[in-house]
Structure formats: C-alpha cells, structure tokens
$ cat coords-v8.cif   # mmCIF, C-alpha atoms and all ligand atoms
data_entry
loop_
_atom_site.group_PDB
_atom_site.id
_atom_site.type_symbol
_atom_site.label_atom_id
_atom_site.label_comp_id
_atom_site.auth_asym_id
_atom_site.auth_seq_id
_atom_site.Cartn_x
_atom_site.Cartn_y
_atom_site.Cartn_z
ATOM 1 C CA MET A 1 1.782 3.728 38.978
ATOM 2 C CA ILE A 2 -1.037 4.284 36.492
ATOM 3 C CA SER A 3 -4.418 2.609 36.870
ATOM 4 C CA VAL A 4 -6.326 0.875 34.079
ATOM 5 C CA PRO A 5 -10.142 0.772 34.033
ATOM 6 C CA ARG A 6 -11.810 -2.597 34.563
ATOM 7 C CA LEU A 7 -12.960 -2.686 30.935
ATOM 8 C CA TYR A 8 -10.456 -2.003 28.157
ATOM 9 C CA PRO A 9 -12.300 -2.085 24.805
ATOM 10 C CA ILE A 10 -10.365 -2.553 21.604
ATOM 11 C CA VAL A 11 -11.855 -0.846 18.568
ATOM 12 C CA ASP A 12 -10.618 -3.022 15.730
ATOM 13 C CA ALA A 13 -10.922 -1.468 12.277
ATOM 14 C CA ALA A 14 -11.398 -4.895 10.686
ATOM 15 C CA PHE A 15 -15.004 -4.908 11.909
ATOM 16 C CA PHE A 16 -16.041 -1.582 10.359
ATOM 17 C CA SER A 17 -16.509 -0.625 6.751
ATOM 18 C CA THR A 18 -16.240 3.142 7.254
ATOM 19 C CA THR A 19 -14.467 5.557 9.561
ATOM 20 C CA GLU A 20 -17.886 6.919 10.485
ATOM 21 C CA ASP A 21 -19.052 3.477 11.691
ATOM 22 C CA LEU A 22 -15.862 3.016 13.667
ATOM 23 C CA ALA A 23 -16.118 6.415 15.349
ATOM 24 C CA ALA A 24 -19.831 5.955 16.099
ATOM 25 C CA PHE A 25 -19.022 2.606 17.730
ATOM 26 C CA ALA A 26 -16.364 4.262 19.910
ATOM 27 C CA GLN A 27 -18.806 6.969 20.932
ATOM 28 C CA GLU A 28 -21.301 4.334 22.020
ATOM 29 C CA LEU A 29 -18.621 2.736 24.188
ATOM 30 C CA VAL A 30 -17.947 6.099 25.786
ATOM 31 C CA ALA A 31 -21.682 6.529 26.367
ATOM 32 C CA GLY A 32 -21.576 3.139 28.101
ATOM 33 C CA GLY A 33 -18.956 4.419 30.539
ATOM 34 C CA CYS A 34 -15.637 3.517 28.897
ATOM 35 C CA MET A 35 -12.695 5.773 29.777
ATOM 36 C CA LEU A 36 -9.982 3.995 27.815
ATOM 37 C CA LEU A 37 -10.069 2.642 24.257
ATOM 38 C CA GLN A 38 -7.469 1.036 22.060
ATOM 39 C CA TYR A 39 -7.521 1.621 18.326
ATOM 40 C CA ARG A 40 -6.261 -1.421 16.395
ATOM 41 C CA ASN A 41 -5.834 -1.729 12.643
ATOM 42 C CA LYS A 42 -3.743 -4.590 11.375
ATOM 43 C CA SER A 43 -4.021 -3.604 7.715
ATOM 44 C CA GLY A 44 -0.933 -1.448 8.185
ATOM 45 C CA ASN A 45 -2.156 1.346 5.926
ATOM 46 C CA ALA A 46 -0.662 4.307 7.791
ATOM 47 C CA ARG A 47 -2.726 6.974 6.056
ATOM 48 C CA VAL A 48 -6.007 5.242 6.789
ATOM 49 C CA MET A 49 -4.886 4.612 10.358
ATOM 50 C CA LEU A 50 -4.041 8.252 10.882
ATOM 51 C CA GLU A 51 -7.337 9.403 9.426
ATOM 52 C CA GLN A 52 -9.310 7.011 11.628
ATOM 53 C CA ALA A 53 -7.257 7.834 14.715
ATOM 54 C CA ARG A 54 -7.746 11.556 14.228
ATOM 55 C CA GLU A 55 -11.463 11.043 13.819
ATOM 56 C CA LEU A 56 -11.558 9.064 17.075
ATOM 57 C CA ARG A 57 -9.578 11.804 18.804
ATOM 58 C CA ARG A 58 -11.882 14.493 17.427
ATOM 59 C CA ARG A 59 -15.119 12.667 18.191
ATOM 60 C CA CYS A 60 -14.128 11.526 21.635
ATOM 61 C CA ARG A 61 -12.645 14.921 22.567
ATOM 62 C CA THR A 62 -9.933 15.725 25.072
ATOM 63 C CA GLY A 63 -6.207 15.178 25.011
ATOM 64 C CA VAL A 64 -3.266 14.295 27.172
ATOM 65 C CA SER A 65 -3.783 17.367 29.336
ATOM 66 C CA ASP A 66 -7.336 16.476 30.484
ATOM 67 C CA PRO A 67 -7.116 14.248 33.577
ATOM 68 C CA HIS A 68 -10.757 13.186 33.266
ATOM 69 C CA GLY A 69 -10.942 12.681 29.530
ATOM 70 C CA LEU A 70 -11.094 9.517 27.490
ATOM 71 C CA ARG A 71 -7.698 7.893 27.034
ATOM 72 C CA LEU A 72 -6.914 6.644 23.536
ATOM 73 C CA ILE A 73 -4.240 4.011 23.012
ATOM 74 C CA MET A 74 -2.707 3.270 19.618
ATOM 75 C CA ASN A 75 -1.932 -0.360 18.841
ATOM 76 C CA ASP A 76 1.572 -1.089 17.513
ATOM 77 C CA ARG A 77 2.508 2.356 16.198
ATOM 78 C CA ALA A 78 4.369 4.907 18.313
ATOM 79 C CA ASP A 79 4.668 7.296 15.372
ATOM 80 C CA LEU A 80 0.904 7.416 14.823
ATOM 81 C CA CYS A 81 0.319 7.836 18.548
ATOM 82 C CA ILE A 82 2.264 11.085 18.452
ATOM 83 C CA VAL A 83 0.818 12.404 15.214
ATOM 84 C CA ALA A 84 -2.797 11.639 16.180
ATOM 85 C CA ASP A 85 -2.256 13.029 19.695
ATOM 86 C CA PHE A 86 -3.147 9.765 21.403
ATOM 87 C CA ASP A 87 -2.467 9.092 25.065
ATOM 88 C CA GLY A 88 -0.422 5.937 24.719
ATOM 89 C CA VAL A 89 0.777 2.966 22.691
ATOM 90 C CA HIS A 90 0.315 -0.762 23.060
ATOM 91 C CA VAL A 91 3.020 -3.007 21.621
ATOM 92 C CA GLY A 92 3.552 -6.753 21.383
ATOM 93 C CA GLN A 93 6.473 -9.102 21.192
ATOM 94 C CA ASP A 94 7.136 -8.395 17.493
ATOM 95 C CA ASP A 95 6.881 -4.606 17.622
ATOM 96 C CA LEU A 96 9.448 -2.029 18.725
ATOM 97 C CA SER A 97 10.653 -2.864 22.237
ATOM 98 C CA PRO A 98 9.121 -1.029 25.204
ATOM 99 C CA ALA A 99 12.440 0.815 25.677
ATOM 100 C CA SER A 100 12.407 2.042 22.071
ATOM 101 C CA VAL A 101 8.761 3.075 22.255
ATOM 102 C CA ARG A 102 9.418 4.935 25.477
ATOM 103 C CA ARG A 103 12.125 6.953 23.741
ATOM 104 C CA ILE A 104 9.609 7.993 21.110
ATOM 105 C CA ILE A 105 6.578 8.758 23.276
ATOM 106 C CA GLY A 106 8.352 10.246 26.277
ATOM 107 C CA PRO A 107 7.710 9.704 29.976
ATOM 108 C CA HIS A 108 4.079 10.811 30.218
ATOM 109 C CA ARG A 109 2.223 8.825 27.614
ATOM 110 C CA ARG A 110 1.105 5.327 28.545
ATOM 111 C CA LEU A 111 2.839 2.224 27.320
ATOM 112 C CA GLY A 112 1.306 -1.258 27.309
ATOM 113 C CA PHE A 113 3.143 -4.478 26.488
ATOM 114 C CA SER A 114 1.619 -7.832 25.481
ATOM 115 C CA THR A 115 2.903 -11.022 27.082
ATOM 116 C CA HIS A 116 1.983 -14.653 26.521
ATOM 117 C CA ASN A 117 4.005 -16.651 29.057
ATOM 118 C CA PRO A 118 5.746 -16.241 32.429
ATOM 119 C CA GLN A 119 9.134 -15.369 30.902
ATOM 120 C CA GLN A 120 7.603 -12.501 28.940
ATOM 121 C CA VAL A 121 5.712 -11.281 32.006
ATOM 122 C CA MET A 122 8.979 -11.113 33.962
ATOM 123 C CA GLU A 123 10.640 -9.199 31.124
ATOM 124 C CA GLY A 124 7.665 -6.848 30.890
ATOM 125 C CA ASP A 125 7.823 -6.263 34.603
ATOM 126 C CA GLN A 126 11.394 -4.994 34.234
ATOM 127 C CA ALA A 127 10.672 -2.997 31.075
ATOM 128 C CA SER A 128 9.445 0.571 30.760
ATOM 129 C CA ALA A 129 5.835 -0.541 30.194
ATOM 130 C CA ASP A 130 3.156 1.010 32.429
ATOM 131 C CA TYR A 131 0.888 -2.024 32.217
ATOM 132 C CA LEU A 132 1.120 -5.585 30.916
ATOM 133 C CA ALA A 133 -1.369 -7.619 28.920
ATOM 134 C CA ILE A 134 -1.580 -11.403 29.329
ATOM 135 C CA GLY A 135 -3.296 -13.756 26.942
ATOM 136 C CA PRO A 136 -4.987 -15.214 25.146
ATOM 137 C CA VAL A 137 -6.843 -16.319 28.252
ATOM 138 C CA PHE A 138 -9.445 -18.264 26.255
ATOM 139 C CA SER A 139 -9.640 -19.251 22.613
ATOM 140 C CA THR A 140 -10.299 -16.240 20.412
ATOM 141 C CA SER A 141 -11.217 -15.345 16.870
ATOM 142 C CA GLY A 142 -10.180 -11.721 17.452
ATOM 143 C CA LYS A 143 -6.564 -12.296 16.475
ATOM 144 C CA ASP A 144 -4.875 -14.009 13.553
ATOM 145 C CA ARG A 145 -2.418 -16.720 14.611
ATOM 146 C CA PRO A 146 -2.919 -16.257 18.362
ATOM 147 C CA ASP A 147 -0.385 -17.564 20.877
ATOM 148 C CA PRO A 148 -1.365 -20.659 22.902
ATOM 149 C CA VAL A 149 -4.220 -20.154 25.352
ATOM 150 C CA VAL A 150 -2.905 -19.408 28.864
ATOM 151 C CA GLY A 151 -6.172 -20.007 30.733
ATOM 152 C CA LEU A 152 -7.102 -18.609 34.124
ATOM 153 C CA GLU A 153 -3.978 -20.340 35.447
ATOM 154 C CA GLY A 154 -1.869 -18.155 33.168
ATOM 155 C CA VAL A 155 -3.535 -15.064 34.615
ATOM 156 C CA ARG A 156 -2.858 -16.264 38.183
ATOM 157 C CA ARG A 157 0.776 -16.949 37.339
ATOM 158 C CA ALA A 158 1.189 -13.534 35.702
ATOM 159 C CA ARG A 159 -0.335 -11.903 38.777
ATOM 160 C CA GLU A 160 2.326 -13.532 40.932
ATOM 161 C CA LEU A 161 5.080 -12.159 38.707
ATOM 162 C CA THR A 162 4.179 -8.469 38.466
ATOM 163 C CA ARG A 163 2.602 -5.681 40.427
ATOM 164 C CA LYS A 164 2.025 -3.648 37.288
ATOM 165 C CA PRO A 165 -1.590 -3.294 36.158
ATOM 166 C CA LEU A 166 -2.500 -6.538 34.410
ATOM 167 C CA VAL A 167 -4.907 -6.558 31.463
ATOM 168 C CA ALA A 168 -6.246 -9.973 30.444
ATOM 169 C CA ILE A 169 -7.179 -10.535 26.812
ATOM 170 C CA GLY A 170 -8.569 -13.206 24.512
ATOM 171 C CA GLY A 171 -12.038 -14.717 24.426
ATOM 172 C CA ILE A 172 -13.302 -12.637 27.336
ATOM 173 C CA THR A 173 -17.053 -12.116 27.491
ATOM 174 C CA ARG A 174 -19.625 -10.819 29.951
ATOM 175 C CA ALA A 175 -20.109 -14.455 30.983
ATOM 176 C CA ASN A 176 -16.494 -15.176 31.969
ATOM 177 C CA ALA A 177 -15.085 -11.717 32.793
ATOM 178 C CA ALA A 178 -15.637 -11.983 36.546
ATOM 179 C CA SER A 179 -13.574 -15.191 36.694
ATOM 180 C CA VAL A 180 -10.699 -13.401 34.959
ATOM 181 C CA ILE A 181 -10.705 -10.591 37.516
ATOM 182 C CA GLU A 182 -10.912 -13.182 40.300
ATOM 183 C CA ALA A 183 -7.791 -14.821 38.866
ATOM 184 C CA GLY A 184 -5.921 -11.564 39.427
ATOM 185 C CA ALA A 185 -6.392 -9.368 36.364
ATOM 186 C CA ASP A 186 -7.056 -5.681 36.949
ATOM 187 C CA SER A 187 -8.822 -5.222 33.639
ATOM 188 C CA VAL A 188 -10.250 -7.155 30.696
ATOM 189 C CA ALA A 189 -9.558 -6.224 27.060
ATOM 190 C CA VAL A 190 -12.398 -7.131 24.716
ATOM 191 C CA ILE A 191 -13.109 -7.014 21.000
ATOM 192 C CA SER A 192 -15.940 -9.380 19.990
ATOM 193 C CA ASP A 193 -18.294 -9.198 22.944
ATOM 194 C CA LEU A 194 -18.765 -5.456 22.472
ATOM 195 C CA LEU A 195 -19.566 -5.482 18.771
ATOM 196 C CA LEU A 196 -23.317 -6.103 18.663
ATOM 197 C CA ASP A 197 -24.587 -3.458 21.072
ATOM 198 C CA PRO A 198 -21.579 -1.576 22.438
ATOM 199 C CA ARG A 199 -23.272 0.697 24.926
ATOM 200 C CA LYS A 200 -25.387 -2.023 26.517
ATOM 201 C CA SER A 201 -22.556 -4.524 26.459
ATOM 202 C CA ALA A 202 -20.129 -2.085 28.120
ATOM 203 C CA GLU A 203 -22.689 -1.301 30.804
ATOM 204 C CA GLU A 204 -23.147 -5.002 31.446
ATOM 205 C CA PHE A 205 -19.391 -5.546 31.662
ATOM 206 C CA PHE A 206 -19.138 -2.802 34.281
ATOM 207 C CA ARG A 207 -22.006 -4.393 36.190
ATOM 208 C CA VAL A 208 -20.354 -7.807 36.358
ATOM 209 C CA LEU A 209 -16.871 -6.396 36.955
ATOM 210 C CA GLY A 210 -17.927 -4.157 39.860
HETATM 211 N N1 LIG B 1 -4.525 -10.370 21.519
HETATM 212 C C1 LIG B 1 -4.654 -11.520 22.152
HETATM 213 S S1 LIG B 1 -6.199 -12.175 21.950
HETATM 214 C C2 LIG B 1 -6.707 -10.836 21.021
HETATM 215 C C3 LIG B 1 -5.648 -9.954 20.877
HETATM 216 C C4 LIG B 1 -5.682 -8.706 20.126
HETATM 217 C C5 LIG B 1 -8.072 -10.715 20.446
HETATM 218 C C6 LIG B 1 -9.132 -10.508 21.466
HETATM 219 O O1 LIG B 1 -10.391 -10.480 20.850
HETATM 220 P P1 LIG B 1 -11.680 -11.117 21.536
HETATM 221 O O2 LIG B 1 -12.718 -11.055 20.460
HETATM 222 O O3 LIG B 1 -12.046 -10.253 22.712
HETATM 223 O O4 LIG B 1 -11.329 -12.527 21.926
HETATM 224 MG MG MG B 2 1.450 -5.447 18.037
#

$ encode --input "coords-v8.cif" --output "structure tokens" --more "lines below"
Ligand code: TZP
Ligand code: MG
Amino acid sequence: MISVPRLYPIVDAAFFSTTEDLAAFAQELVAGGCMLLQYRNKSGNARVMLEQARELRRRCRTGVSDPHGLRLIMNDRADLCIVADFDGVHVGQDDLSPASVRRIIGPHRRLGFSTHNPQQVMEGDQASADYLAIGPVFSTSGKDRPDPVVGLEGVRRARELTRKPLVAIGGITRANAASVIEAGADSVAVISDLLLDPRKSAEEFFRVLG
C-alpha cells in the first residue's frame, strides 16, 4: 500500500494569474517540506493545463522513477497526467471511474478517489484507488457547489470503513488540522490556508501534524 504525506497541498490555478506565479508558489511549498502536490484547474482549458503542468514538472524536477522526488498529482484528467509525466491522478464522483482511470495510467501511477459519504467510501475501498479523500470536513470556499459537510464524525466513519490511506479535505487549517488527524485521517488536503505564505504555512502544518 502507498503512503500519503501528512500534508497534501492542492495548487489551484484559480488563485494565480500567471503560470510563473503558480510554479513559484509550488516551489515555495516544496521548500516548506511538501513531497506531494495536486495540480487543480477547473477551467477545463486543456492547453493551459498542460502548459502549467509541464512547468510544475520542470520546476519541481524528478519523475516517476525517482523514489525520493516530489510527487505530482493531476486533478480530474488522466490524459494530462500521462502527457505531463505526472505521478498520479485524482478523480471525483463525476469523473472517469477509478477502474477506467487505472486502465489509462497503468498499475504504477497513483490514483486518488474523492468520497463524500459512507456508501462512496465503501465503493472506493473496493475500487482500484490507492487512497481515498473524504470531505468536505468543514465548510469551504475552495470548491464550487461542495457536497454537504461531513464533519469530524464523517472522518471517523470513513476511517472505520477503509484501511486505504485517507485524505481529509475541506476547510482544513493549521488551527483544526490536528483534530482531523485525531479523527483518523492520514493526511489533510489544503487549498486556502497555504495561499498567503506557502513555505511558512506548510512548515507550520508539519509542526502541528507531527
Ligand atoms: N474538495 C472538497 S473541499 C475542496 C475540494 C477541492 C476545497 C478545499 O479547499 P480549502 O480552501 O482547503 O477548504
Ligand atoms: Mg474531479
């Protein structure tokens, strides 16, 4: 089974006006100790996504073959994962199924699957996903039309239903992250609470997450 670092930053293109700003932000996260990043761009412009993904790959070095290198995960798009030489894909309930994504990316790249209730966690547990996300744990402005908040109770319930690495997401900050890990998550995925000062914020997350 794969392991997921305690902090799972999501680099969301919506918060950056240029590819340079986005890549510089990612580099600051790496300087703060991050070993895994997800690239997310909901605009759906494939050419822009590929350009930004390649820049992230170039700036943050390494590839699938480096066991110690930064892992880059592509949100939603298995095709762009392959073309940009990313290390994995993260899909949700409305994307290609985990089984379909697995056929595209092969056995070695990582596959994450978002869940929002116990039924979906059980399905994810049986699917070809390497890790599961559960959320939103708290209310969030990081996603349009988010699913209902699951709370810490939703994290506890998910923990009972799977032994796969569990990534909690939604409204997680340095102030509440420890409670999410205590509830059974292996990792916290974060957008907003890294934006202002990514390096310092990542370092503080690692401090509170142990
Ligand atoms: N999926 C569930 S909540 C969320 C996503 C992508 C957004 C998380 O953003 P934030 O700012 O960390 O709450
Ligand atoms: Mg998706």

$ resolve_selection --input "coords-v8.cif" --expression "the PyMOL selection byres (((not hetatm)) within 8 of (chain B and resi 2))" --output "MDAnalysis selection string"
chainID A and resid 75:76 90:95 114

$ closest_residue --input "coords-v8.cif" --among "A:Asn45, A:Leu132, A:Arg102, A:Tyr8" --to "A:Ile172" --atoms "only C-alpha atoms"
A:Tyr8

$ resolve_selection --input "coords-v8.cif" --expression "the PyMOL selection byres (((chain A and resi 155-164) around 12) and not hetatm)" --output "ChimeraX atom specification"
/A:1-4,111-138,149-154,165-170,179-188

$ residues_near_ligand --input "coords-v8.cif" --ligand "ligand LIG 1 (chain B)" --cutoff "7 Å" --atoms "only C-alpha atoms and all ligand atoms" --output "compact mmCIF listing (two decimals) with C-alpha atoms, in the coordinates of the input"
# COMPACT_ATOMS: atom_id res chain seq x y z
CA GLY A 135 -3.30 -13.76 26.94
CA PRO A 136 -4.99 -15.21 25.15
CA SER A 139 -9.64 -19.25 22.61
CA THR A 140 -10.30 -16.24 20.41
CA SER A 141 -11.22 -15.34 16.87
CA GLY A 142 -10.18 -11.72 17.45
CA LYS A 143 -6.56 -12.30 16.48
CA PRO A 146 -2.92 -16.26 18.36
CA ILE A 169 -7.18 -10.54 26.81
CA GLY A 170 -8.57 -13.21 24.51
CA GLY A 171 -12.04 -14.72 24.43
CA ILE A 172 -13.30 -12.64 27.34
CA ALA A 189 -9.56 -6.22 27.06
CA VAL A 190 -12.40 -7.13 24.72
CA ILE A 191 -13.11 -7.01 21.00
CA SER A 192 -15.94 -9.38 19.99
CA ASP A 193 -18.29 -9.20 22.94

$ residues_near_point --input "coords-v8.cif" --point "(-16.9, 0.1, 14.0)" --cutoff "12 Å" --atoms "only C-alpha atoms" --output "number ranges by chain"
A: 9-29, 39-41, 52, 56, 191-192, 194-198

$ resolve_selection --input "coords-v8.cif" --expression "the PyMOL selection byres (((chain A and resi 54) around 10) and not hetatm)" --output "short mmCIF file (atom, residue, chain, number, x, y, z; two decimals) with C-alpha atoms, in the coordinates of the input"
data_model
loop_
_atom_site.label_atom_id
_atom_site.label_comp_id
_atom_site.auth_asym_id
_atom_site.auth_seq_id
_atom_site.Cartn_x
_atom_site.Cartn_y
_atom_site.Cartn_z
CA ALA A 23 -16.12 6.42 15.35
CA VAL A 48 -6.01 5.24 6.79
CA MET A 49 -4.89 4.61 10.36
CA LEU A 50 -4.04 8.25 10.88
CA GLU A 51 -7.34 9.40 9.43
CA GLN A 52 -9.31 7.01 11.63
CA ALA A 53 -7.26 7.83 14.72
CA GLU A 55 -11.46 11.04 13.82
CA LEU A 56 -11.56 9.06 17.08
CA ARG A 57 -9.58 11.80 18.80
CA ARG A 58 -11.88 14.49 17.43
CA ARG A 59 -15.12 12.67 18.19
CA CYS A 60 -14.13 11.53 21.64
CA LEU A 80 0.90 7.42 14.82
CA CYS A 81 0.32 7.84 18.55
CA VAL A 83 0.82 12.40 15.21
CA ALA A 84 -2.80 11.64 16.18
CA ASP A 85 -2.26 13.03 19.70
CA PHE A 86 -3.15 9.76 21.40
#

$ atom_distance --input "coords-v8.cif" --atom1 "atom CA of A:Leu36" --atom2 "atom CA of A:Asp147"
24.6 Å

$ closest_residue --input "coords-v8.cif" --among "A:Ala78, A:Ala177, A:Val30, A:Met35" --to "A:Leu96" --atoms "only C-alpha atoms"
A:Ala78

$ atom_distance --input "coords-v8.cif" --atom1 "atom CA of A:Pro5" --atom2 "atom CA of A:Thr173"
16.0 Å

$ atom_distance --input "coords-v8.cif" --atom1 "atom CA of A:Pro148" --atom2 "atom CA of A:Gly210"
28.9 Å

$ closest_residue --input "coords-v8.cif" --among "A:Val208, A:Ala175, A:Ala202, A:Leu72" --to "A:Cys34" --atoms "all atoms listed in the file"
A:Ala202

$ closest_residue --input "coords-v8.cif" --among "A:Lys200, A:Arg47, A:Arg174, A:Arg71" --to "A:Arg110" --atoms "only C-alpha atoms"
A:Arg71
